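See below for input-v8.txt, which holds compact mmCIF, C-alpha atoms.
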# COMPACT_ATOMS: atom_id res chain seq x y z
CA MET M 1 182.12 -10.34 -6.31
CA SER M 2 180.87 -9.59 -9.65
CA ASP M 3 180.49 -6.27 -11.14
CA PRO M 4 177.18 -4.73 -10.40
CA SER M 5 177.14 -3.09 -13.75
CA THR M 6 177.45 -6.32 -15.63
CA PRO M 7 174.24 -7.16 -17.25
CA GLY M 8 172.49 -10.16 -15.89
CA GLY M 9 174.23 -9.88 -12.56
CA PRO M 10 172.53 -10.40 -9.27
CA THR M 11 171.85 -6.75 -9.04
CA GLY M 12 170.43 -6.46 -12.56
CA PRO M 13 166.81 -6.08 -13.40
CA THR M 14 166.31 -9.64 -14.50
CA GLY M 15 168.00 -11.28 -11.74
CA ALA M 16 166.67 -9.16 -8.96
CA ALA M 17 164.33 -10.92 -6.51
CA PRO M 18 160.66 -9.78 -6.51
CA SER M 19 159.69 -7.34 -3.95
CA THR M 20 157.05 -7.90 -1.27
CA GLY M 21 154.59 -5.56 -2.97
CA GLU M 22 154.72 -7.46 -6.21
CA ALA M 23 154.07 -10.76 -4.42
CA GLU M 24 150.97 -9.38 -2.76
CA GLY M 25 149.79 -8.01 -6.11
CA GLY M 26 150.14 -11.45 -7.71
CA SER M 27 148.22 -13.07 -4.89
CA GLU M 28 145.34 -10.60 -5.28
CA GLY M 29 145.23 -11.19 -9.06
CA GLY M 30 144.93 -14.93 -8.48
CA ASP M 31 142.06 -14.43 -6.06
CA ASP M 32 140.26 -12.23 -8.56
CA LEU M 33 140.67 -14.81 -11.23
CA LYS M 34 139.38 -17.49 -8.96
CA LYS M 35 136.44 -15.33 -8.04
CA GLU M 36 135.73 -14.60 -11.66
CA ARG M 37 136.03 -18.29 -12.39
CA ASP M 38 133.70 -19.14 -9.54
CA VAL M 39 131.30 -16.44 -10.65
CA PHE M 40 131.43 -17.75 -14.22
CA ILE M 41 130.92 -21.30 -13.06
CA GLN M 42 128.03 -20.25 -10.86
CA GLN M 43 126.50 -18.24 -13.67
CA PHE M 44 127.08 -21.13 -16.07
CA PHE M 45 125.48 -23.65 -13.78
CA ARG M 46 122.70 -21.22 -12.96
CA LYS M 47 122.04 -20.63 -16.64
CA GLY M 48 122.32 -24.38 -17.21
CA ALA M 49 119.81 -24.96 -14.43
CA GLN M 50 117.54 -22.29 -15.83
CA PHE M 51 117.84 -23.76 -19.31
CA THR M 52 117.18 -27.21 -17.91
CA ASP M 53 114.11 -25.91 -16.10
CA GLU M 54 112.96 -24.27 -19.30
CA LEU M 55 113.57 -27.53 -21.19
CA LEU M 56 111.63 -29.48 -18.54
CA ARG M 57 108.77 -27.00 -18.64
CA GLU M 58 108.76 -27.07 -22.44
CA ASN M 59 108.88 -30.85 -22.30
CA GLN M 60 105.90 -30.87 -19.94
CA ARG M 61 104.07 -28.43 -22.19
CA LEU M 62 104.82 -30.60 -25.23
CA ARG M 63 103.70 -33.66 -23.28
CA ARG M 64 100.46 -31.92 -22.42
CA GLU M 65 99.95 -30.85 -26.03
CA PHE M 66 100.82 -34.35 -27.18
CA GLY M 67 98.29 -35.76 -24.75
CA GLU M 68 95.69 -33.31 -25.98
CA ILE M 69 96.52 -34.20 -29.59
CA GLU M 70 96.28 -37.89 -28.70
CA ALA M 71 92.92 -37.32 -27.04
CA GLU M 72 91.71 -35.29 -30.02
CA ASN M 73 93.01 -37.97 -32.37
CA SER M 74 91.21 -40.62 -30.35
CA SER M 75 88.06 -38.52 -30.42
CA LEU M 76 88.41 -38.11 -34.17
CA ARG M 77 88.90 -41.85 -34.57
CA SER M 78 85.82 -42.45 -32.44
CA ALA M 79 83.87 -39.88 -34.45
CA LEU M 80 85.06 -41.46 -37.66
CA ALA M 81 84.06 -44.87 -36.41
CA SER M 82 80.74 -43.42 -35.27
CA ASN M 83 80.24 -41.77 -38.67
CA GLU M 84 80.95 -45.06 -40.39
CA ALA M 85 78.49 -46.78 -38.07
CA ILE M 86 75.93 -44.08 -38.79
CA ARG M 87 76.62 -44.45 -42.50
CA ASP M 88 76.11 -48.21 -42.22
CA LEU M 89 72.94 -47.63 -40.24
CA LEU M 90 71.71 -45.16 -42.84
CA GLN M 91 72.41 -47.69 -45.59
CA LYS M 92 70.55 -50.36 -43.63
CA ILE M 93 67.70 -47.92 -43.05
CA GLY M 94 67.61 -47.19 -46.77
CA LEU M 95 67.49 -50.89 -47.56
CA LEU M 96 64.77 -51.40 -44.96
CA GLU M 97 62.82 -48.48 -46.42
CA GLN M 98 63.07 -50.06 -49.87
CA GLU M 99 61.95 -53.41 -48.49
CA LYS M 100 59.14 -51.67 -46.62
CA ALA M 101 58.01 -49.92 -49.82
CA HIS M 102 58.16 -53.23 -51.67
CA LEU M 103 56.12 -54.95 -48.96
CA LEU M 104 53.61 -52.10 -48.88
CA SER M 105 53.27 -52.25 -52.65
CA LYS M 106 52.86 -56.01 -52.49
CA SER M 107 50.37 -55.63 -49.66
CA ALA M 108 48.43 -53.05 -51.68
CA ARG M 109 48.36 -55.42 -54.67
CA MET M 110 47.23 -58.27 -52.44
CA ARG M 111 44.58 -56.01 -50.90
CA GLN M 112 43.43 -55.01 -54.37
CA MET M 113 43.32 -58.66 -55.43
CA THR M 114 41.41 -59.49 -52.26
CA ASP M 115 38.97 -56.66 -52.91
CA GLU M 116 38.54 -57.81 -56.50
CA PHE M 117 38.05 -61.38 -55.33
CA ASN M 118 35.53 -60.29 -52.70
CA SER M 119 33.78 -58.13 -55.25
CA ARG M 120 33.69 -60.97 -57.74
CA TYR M 121 32.57 -63.37 -55.00
CA SER M 122 29.78 -60.97 -54.08
CA GLU M 123 28.80 -60.70 -57.75
CA VAL M 124 28.76 -64.48 -58.13
CA GLU M 125 26.85 -64.83 -54.90
CA SER M 126 24.37 -62.20 -56.07
CA GLU M 127 24.06 -63.92 -59.45
CA LEU M 128 23.43 -67.25 -57.74
CA ALA M 129 20.82 -65.61 -55.53
CA ASN M 130 19.23 -64.06 -58.63
CA LEU M 131 19.24 -67.42 -60.39
CA ALA M 132 17.67 -68.99 -57.34
CA SER M 133 15.01 -66.27 -57.30
CA LEU M 134 14.36 -66.77 -61.01
CA HIS M 135 14.12 -70.52 -60.52
CA VAL M 136 11.72 -70.11 -57.60
CA ALA M 137 9.63 -67.62 -59.57
CA THR M 138 9.47 -69.87 -62.63
CA SER M 139 8.60 -72.92 -60.54
CA GLN M 140 5.89 -71.12 -58.63
CA LEU M 141 4.38 -69.71 -61.79
CA HIS M 142 4.25 -72.97 -63.73
CA THR M 143 3.19 -75.29 -60.90
CA ALA M 144 -0.24 -73.62 -60.65
CA ARG M 145 -3.12 -75.72 -61.95
CA THR M 146 -5.84 -73.07 -61.67
CA VAL M 147 -5.95 -69.44 -62.77
CA ARG M 148 -6.67 -68.32 -59.21
CA ARG M 149 -3.65 -70.24 -57.97
CA ALA M 150 -1.49 -68.76 -60.70
CA LEU M 151 -2.59 -65.25 -59.71
CA ARG M 152 -2.00 -66.01 -56.04
CA ASN M 153 1.52 -67.26 -56.81
CA LEU M 154 2.15 -64.14 -58.86
CA LYS M 155 1.07 -61.93 -55.96
CA GLU M 156 3.43 -63.77 -53.61
CA LEU M 157 6.33 -63.35 -56.01
CA LEU M 158 5.66 -59.62 -56.35
CA GLY M 159 5.58 -59.13 -52.59
CA GLN M 160 8.42 -61.44 -51.56
CA LEU M 161 10.96 -61.15 -54.38
CA LEU M 162 10.31 -57.62 -55.63
CA GLY M 163 9.18 -55.89 -52.44
CA ALA M 164 6.01 -54.56 -54.07
CA GLY M 165 3.80 -52.77 -51.55
CA SER M 166 0.89 -51.65 -53.68
CA PHE M 167 0.29 -53.38 -57.03
CA ALA M 168 -2.32 -54.83 -59.37
CA VAL M 169 -2.43 -57.51 -62.07
CA TYR M 170 -4.45 -56.56 -65.14
CA LEU M 171 -5.83 -58.73 -67.97
CA THR M 172 -7.19 -57.37 -71.22
CA THR M 173 -10.81 -57.71 -72.26
CA SER M 174 -11.78 -59.73 -75.31
CA ASP M 175 -12.24 -56.61 -77.38
CA ARG M 176 -8.82 -55.31 -76.20
CA ALA M 177 -10.33 -52.00 -75.22
CA HIS M 178 -9.79 -52.19 -71.47
CA LEU M 179 -7.47 -53.59 -68.83
CA VAL M 180 -9.30 -55.15 -65.90
CA ALA M 181 -7.69 -55.68 -62.47
CA VAL M 182 -7.97 -59.37 -61.52
CA ALA M 183 -5.67 -59.30 -58.47
CA HIS M 184 -4.19 -56.57 -56.34
CA ASP M 185 -2.55 -55.85 -53.03
CA GLY M 186 -2.92 -52.56 -51.19
CA ASP M 187 -5.51 -49.89 -51.77
CA LEU M 188 -6.80 -49.84 -55.35
CA PRO M 189 -9.12 -46.89 -56.11
CA GLU M 190 -12.22 -47.59 -58.18
CA PRO M 191 -10.98 -45.68 -61.28
CA LEU M 192 -7.94 -47.99 -61.43
CA ARG M 193 -9.96 -51.20 -61.42
CA ARG M 194 -10.80 -50.80 -65.11
CA LEU M 195 -8.55 -48.81 -67.42
CA SER M 196 -9.04 -47.72 -70.98
CA ILE M 197 -6.13 -48.95 -73.06
CA GLU M 198 -6.20 -46.00 -75.45
CA ASP M 199 -6.79 -43.29 -72.85
CA SER M 200 -4.49 -44.33 -69.99
CA HIS M 201 -0.75 -44.24 -69.47
CA ILE M 202 -0.73 -47.88 -68.36
CA GLY M 203 -2.66 -48.80 -71.53
CA GLY M 204 0.00 -47.06 -73.63
CA VAL M 205 2.77 -49.08 -71.96
CA PHE M 206 0.69 -52.24 -72.52
CA LEU M 207 0.45 -51.49 -76.23
CA ARG M 208 4.18 -50.77 -76.57
CA GLY M 209 5.00 -54.04 -74.82
CA GLU M 210 8.08 -52.64 -73.06
CA ILE M 211 8.82 -52.58 -69.34
CA GLU M 212 8.70 -49.05 -67.96
CA PHE M 213 10.34 -47.71 -64.78
CA ASP M 214 12.52 -44.80 -63.75
CA PRO M 215 15.92 -46.11 -62.53
CA ASP M 216 16.68 -42.82 -60.78
CA ALA M 217 13.38 -42.51 -58.92
CA ASP M 218 12.56 -43.94 -55.51
CA PRO M 219 10.04 -46.74 -56.23
CA SER M 220 8.65 -46.52 -52.70
CA ARG M 221 7.36 -42.99 -53.57
CA GLY M 222 5.28 -44.10 -56.54
CA ASN M 223 1.51 -43.50 -56.73
CA PRO M 224 -1.47 -44.50 -58.91
CA GLU M 225 -0.93 -41.48 -61.18
CA ARG M 226 2.76 -42.26 -61.62
CA PRO M 227 3.32 -45.97 -60.91
CA SER M 228 6.86 -47.13 -60.14
CA VAL M 229 6.91 -50.09 -62.57
CA VAL M 230 4.69 -51.30 -65.44
CA VAL M 231 5.41 -54.78 -66.82
CA PRO M 232 3.38 -55.82 -69.91
CA LEU M 233 2.40 -59.51 -70.00
CA HIS M 234 2.57 -61.25 -73.35
CA LEU M 235 2.27 -64.73 -74.77
CA GLU M 236 4.61 -66.04 -77.43
CA ILE M 237 2.52 -68.20 -79.79
CA PRO M 238 4.35 -70.26 -82.43
CA ALA M 239 3.61 -68.98 -85.91
CA GLU M 240 1.88 -71.03 -88.57
CA PRO M 241 4.16 -73.24 -90.68
CA GLY M 242 5.54 -71.32 -93.63
CA SER M 243 5.26 -67.98 -91.86
CA ASP M 244 8.23 -65.63 -91.91
CA ALA M 245 8.01 -64.98 -88.17
CA ALA M 246 8.97 -67.70 -85.71
CA SER M 247 6.29 -66.65 -83.24
CA VAL M 248 3.55 -64.14 -82.69
CA ARG M 249 3.50 -62.05 -79.54
CA GLN M 250 0.06 -61.64 -78.11
CA PRO M 251 -0.31 -59.11 -75.24
CA LEU M 252 -2.58 -60.39 -72.45
CA GLY M 253 -2.27 -57.91 -69.60
CA ALA M 254 0.11 -56.01 -67.34
CA ILE M 255 1.60 -55.98 -63.86
CA VAL M 256 1.52 -52.50 -62.35
CA ILE M 257 3.57 -51.81 -59.20
CA PHE M 258 2.28 -48.52 -57.90
CA SER M 259 4.84 -48.36 -55.07
CA THR M 260 7.29 -50.63 -53.29
CA LEU M 261 7.78 -51.13 -49.57
CA GLU M 262 9.50 -48.33 -47.63
CA GLN M 263 12.74 -50.29 -47.24
CA LYS M 264 13.04 -50.82 -50.99
CA ALA M 265 14.13 -47.45 -52.31
CA GLU M 266 15.88 -48.59 -55.50
CA ILE M 267 15.37 -50.87 -58.48
CA TRP M 268 18.27 -53.32 -58.74
CA PRO M 269 19.49 -55.17 -61.88
CA ALA M 270 18.16 -58.41 -60.35
CA ASP M 271 14.73 -56.78 -60.16
CA VAL M 272 14.88 -55.96 -63.87
CA GLU M 273 15.63 -59.62 -64.64
CA LEU M 274 12.62 -60.61 -62.57
CA PHE M 275 10.49 -58.07 -64.46
CA LYS M 276 11.56 -59.68 -67.73
CA LEU M 277 10.86 -63.17 -66.40
CA LEU M 278 7.40 -62.20 -65.17
CA GLY M 279 6.65 -60.41 -68.43
CA SER M 280 7.44 -63.53 -70.47
CA HIS M 281 6.34 -66.31 -68.06
CA ALA M 282 3.36 -64.96 -66.11
CA ALA M 283 0.99 -64.95 -69.12
CA PRO M 284 1.93 -68.48 -70.28
CA ALA M 285 1.57 -69.73 -66.68
CA ILE M 286 -1.94 -68.22 -66.46
CA VAL M 287 -2.88 -69.64 -69.86
CA HIS M 288 -1.51 -73.08 -68.95
CA ALA M 289 -3.49 -73.02 -65.71
CA LEU M 290 -6.62 -72.11 -67.70
CA LEU M 291 -6.04 -74.92 -70.21
CA PHE M 292 -5.36 -77.37 -67.40
CA GLU M 293 -8.67 -76.40 -65.77
CA ARG M 294 -10.53 -76.85 -69.05
CA SER M 295 -8.90 -80.20 -69.75
CA ARG M 296 -9.41 -81.60 -66.27
CA GLY M 297 -12.11 -84.04 -67.48
CA SER M 298 -10.02 -85.45 -70.31
CA LEU M 299 -6.93 -85.58 -68.13
CA LEU M 300 -8.76 -87.80 -65.66
CA SER M 301 -9.32 -90.29 -68.47
CA GLN M 302 -5.91 -91.90 -68.81
CA GLY M 303 -6.68 -93.52 -72.15
CA THR M 304 -7.78 -90.27 -73.76
CA LEU M 305 -4.76 -88.36 -72.38
CA ALA M 306 -2.31 -91.04 -73.48
CA GLY M 307 -3.76 -91.09 -76.97
CA GLU M 308 -3.65 -87.34 -77.35
CA LEU M 309 -0.03 -87.20 -76.10
CA LEU M 310 1.02 -89.90 -78.53
CA SER M 311 -0.66 -88.15 -81.39
CA ALA M 312 0.84 -84.79 -80.43
CA ALA M 313 4.31 -86.38 -80.27
CA GLY M 314 3.99 -87.53 -83.86
CA GLY M 315 3.30 -91.20 -83.22
CA GLU M 316 5.74 -94.07 -83.09
CA ILE M 317 9.19 -93.54 -84.62

Output the file's structure in the form of structure tokens.
Amino acid sequence: MSDPSTPGGPTGPTGAAPSTGEAEGGSEGGDDLKKERDVFIQQFFRKGAQFTDELLRENQRLRREFGEIEAENSSLRSALASNEAIRDLLQKIGLLEQEKAHLLSKSARMRQMTDEFNSRYSEVESELANLASLHVATSQLHTARTVRRALRNLKELLGQLLGAGSFAVYLTTSDRAHLVAVAHDGDLPEPLRRLSIEDSHIGGVFLRGEIEFDPDADPSRGNPERPSVVVPLHLEIPAEPGSDAASVRQPLGAIVIFSTLEQKAEIWPADVELFKLLGSHAAPAIVHALLFERSRGSLLSQGTLAGELLSAAGGEI
């Protein structure tokens, strides 16, 4: 047997076998460690699960936000596309407005040209009508072969072409002191049948030899005291050879329109032209009719007429 006092012997502290109490204490420490490990693992997995749940929720939230951003982005793209379409439409509208303005301007010019053409056409048509009236008046005046017929034609012209309602045709006396009415239409008072040239307004117009009328007055409202129109009648007689003047104007009478018909309330430029024509052609037509009446006998003799015409023409060339 060894010595119990020897160090490291069976009875020493290092070599002694563990007691029962120490074994139980070691077993309990292992259980605690296992429990702590299990608790740690459980807490770790629980935290991991919680973190995973948080990550999943965050992921879902980010997905939702991403979806919203995608939707907003799509909306913005649509709005941008819509804005571009609107911009294109506005540009097209602007171009159409410019084209519309151009067409309206062109239409206005065409309308103005049409109006000018219509106006000019109306003027030409009116001028042609005036020329036709002048031609008819001249023909009617110079086709008369008697003084009575010439006066009758003159009365018809005054009524039909000039719309005269009340009028008179005057011729001067041989002493040129009075104007005597030789034809009239409408009521002619007795004092107006014979007028003194020096003491009457109509006689004064006759002496001046100028047509008188008021362009602003209503000719249908004229009266014997203030006639609407006075047209002196004159005859242009060729002057003697060697005279300075080409012709001599000899006044023969006057046409006095006291008033026109109710529907003729204005003197037109065509009427003035007719006044001038009557003033210069009525007297020669009356004189020609008088000369034709006087020469009727010689005109019936063909030989006498032919000889006189040949002599007046200057004879054979």

message: Just want the 8 Å neighbourhood of segment 241-256 of chain M, counted on only C-alpha atoms, with same-chain residues fewer than 4 positions away dropped. Output as JSON, numbers by chain.
response: {"M": [167, 168, 169, 170, 171, 172, 179, 202, 206, 207, 209, 227, 228, 229, 230, 231, 232, 233, 234, 235, 236, 237, 279, 283]}

- prompt: Please, what distance in Å, to one decimal, runs between atom CA of His281 of chain M and atom CA of Thr143 of chain M?
  reply: 11.9 Å

task: Rounded to one decimal place, report the atom CA of Ser259 of chain M-atom CA of Gly222 of chain M distance in Å.
output: 4.5 Å

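Here atom CA of Ser220 of chain M stands at a distance of 21.3 Å from atom CA of Ser133 of chain M.
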
Need the neighbours of (18.9, -57.2, -55.4): which residues are at most 10 Å away, counting only C-alpha atoms, as a CSV table (one decimal) with C-alpha atoms, in the frame of the given file?
chain,number,residue,atom,x,y,z
M,126,SER,CA,24.4,-62.2,-56.1
M,127,GLU,CA,24.1,-63.9,-59.4
M,129,ALA,CA,20.8,-65.6,-55.5
M,130,ASN,CA,19.2,-64.1,-58.6
M,161,LEU,CA,11.0,-61.2,-54.4
M,162,LEU,CA,10.3,-57.6,-55.6
M,264,LYS,CA,13.0,-50.8,-51.0
M,266,GLU,CA,15.9,-48.6,-55.5
M,267,ILE,CA,15.4,-50.9,-58.5
M,268,TRP,CA,18.3,-53.3,-58.7
M,269,PRO,CA,19.5,-55.2,-61.9
M,270,ALA,CA,18.2,-58.4,-60.4
M,271,ASP,CA,14.7,-56.8,-60.2
M,272,VAL,CA,14.9,-56.0,-63.9

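With only the atoms specified (all atoms listed in the file) counting, those residues at most 12 Å away from (-1.4, -76.0, -67.8) are Leu141, His142, Thr143, Ala144, Arg145, Thr146, Val147, Arg149, Ala150, Ala283, Pro284, Ala285, Ile286, Val287, His288, Ala289, Leu290, Leu291, Phe292, Glu293, Arg294, Ser295, Arg296 and Leu299 of chain M.
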
All residues 9 Å or closer to Leu188 of chain M, only C-alpha atoms, same chain fewer than 3 positions away omitted, as a ChimeraX atom specification: /M:166-168,184-185,191-193,224
